[in-house]
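Here's the structure we're looking at; comments come further down.
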Amino acid sequence: ALLRRIPARGWFWILLAAGILLRAAYLLEFRASPLFITPVGPDVQEYYERALEILNGSFFPAGVDHHAPLYSWVLAGMLALTDGSVPAVRLLQLLLNLGGWLLLFRLLCRIPGIPRRVAWTFLAIAMLYPVPLFHQSQLVSESILLPFLAGALSLLYAGDAAPERRKRGVCFAGAGLCAGLAAITHPLTLAFGAAVTVWLVIRRTPRRALLFAVGIAVCVFPVAAVNSSRAGRMVLVQAGGGFNFWLGNNSDATGGCYLRPGPEWERLHLEADREAAARGISVERLWLGRAGNFWIENPVRAVLLAGNKAFLVWSPRELISGADADAIVRGTRVIFYGSWLTLPLFALAWVGLIRCLRRRRGCCCYFYLLLFSMWAAQVLTVTSGRYRTAMIPAILLFSAVGATELNRKWRLIFPAAFLGLSLIFTTELRELDEMSSLCGEAAYRQGDFNRAVPLLEYAMRHADSPGRFENLLGSIAMKSGRLEEAEQRFRRAVKAEPERVEGWMNLANVLSRDPGRLSEAEVIYRRAVAAFPDNADLPYNYALLLQNQGRFPEAEQMFRKAVTLYPGHAPAWNGLGTTAILAERPAEAI
């Protein structure tokens, strides 16, 4: 009776406060991880470095965008706004996503045919379900997906409800712009844009379909034009899509992101680069061709794999975000315990979805399209918690429908049964080796060697990348003054993975610390510069050795080679300025 006396506005502020507190608790707990302030790891580091390039005036990457470009620009803006603070950016992103959930709640309250109790249950789940917080606070493109999708859905429903032709046109064009912004943030959401366009044509509203498609094209076409002109071939939004398609369609595929960055990952990419160059085709075409051959040569296996992916999308264990390990995603207690709710929510979503389809609730049509288009996209490519983030608005809506339409008895028994199953699947943390590897590297970059060493040693014992860990541990030994240990580790790194440039460079660097071994260091530098002609750090380090020996013209030549390979190499520009000063050319130095 006391709860019923609280007015709707009061419940709104209570749920909003609970959502803010949950997000604050997550950030406070995540703060203990070395990854909180240091962007390390696949994709995260790449987006961050691209954002820094944009802030430093390099508006276009050296080649084609490997990732969809919009998020890098948004991240650059947030870094500029927060004076480069990664924790502040994480907070901004969570607040941005909080706004997206509130926009969706407002939308659900206004859609005829959706009961008010469903909208309020949706808000409660959105505020209190913690799993999306990981994806929404990470420095990856999924951080800004929700606001764009919420905007697209809101404008689509506003367009359907608008009485005036002109206003309808503005709404559908605006919805297309939001969907286009989502596409140049995460290209897989093009599936949603295509599904909506087809649906509008089927409904015999070609004008709406055209305006919506034009809105998408306004965002996608300039990106495609720039990428295609720089690549010399057709590239829609980003390079790398062909590899993602192959990752989910080959004889070794499991449906999820089974292949992790490491020696095997690098070997496959190196071999693909060589084969594509020998055949005179793009690497994208090579990966797509391999995936196509898999379907042609193994049709039964390919169909079974697609069926497995269709189930994996709904698995509570499929929480990994691209290349992020399960132990990193669920590294906080907030998400570890919150992940137990995933299976009950998915089960309720199926109940709600079936109820809506049986009752032919056309009011949910755009949520149907979002759910099934992103589901189909993952069945065709690869299943991932990161890709699943675009489905979450629809999943939470149908979960809310399921929760409100079960009778009182089943409202407790049904979720409790699936919660028990969820505990079986999600209690154990997986991929601890990858977590140790990334956290160890982050601690190393922060100068916290006491924390980094045990993490890296654990990762070296359990992960297949000895060269990487020997290089990191050797660098710690060198910075700690243990030069003999550092040399031994770098030699082991070179022996284990001779194709990695870091081992050769680090070995030469540690040898150059000993005045009696400068000639030995120079031999390794020369050999490495010849073996790795595209690496800018090698000539830079070699130039430092030459400069310290007073060989300024040779040092200047190596510094110039470094900035030619990478115009953003600030230390090499500084080295050129130093050599100009020593050569009494102050104007050039300035």
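Ligands are numbered from 1 in the order shown, residues from 1 within each chain, and chains are lettered A, B, ... in the order they appear in the structure tokens.
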Write out as number ranges by chain which residues come within 12 Å of Glu441 in chain A when counting only C-alpha atoms, dropping same-chain ones fewer than 3 positions away.
A: 33-35, 38-41, 45, 434-438, 444-449, 451-457, 459, 468-473, 475-476
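The environment of Pro222 in chain A within 12 Å, counting only C-alpha atoms and disregarding residues fewer than 6 places along the same chain, consists of A:Pro69, A:Leu70, A:Gly180, A:Leu181, A:Ile184, A:Ile216, A:Ser228, A:Ser229, A:Val235, A:Leu236, A:Val237.
Straight-line separation from CA of Leu107 in chain A to CA of Arg386 in chain A: 24.5 Å.
Omitting range 581-590 of chain A and its sequence neighbours fewer than 6 positions away, and counting only C-alpha atoms, the residues within 12 Å are Gln547, Asn548, Gly550, Arg551, Phe552, Pro553, Ala555, Glu556, Trp573, Asn574 and Gly575 of chain A.
Across A:Ser465, A:Arg285, A:Ala24, A:Arg517, the tightest approach to Arg492 in chain A is made by A:Ser465 when counting only C-alpha atoms.
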Please identify all polymer residues within 7 Å of Leu211 in chain A, counting only C-alpha atoms, omitting same-chain residues fewer than 5 positions from it, and present them as a ChimeraX atom specification.
/A:169,172-173
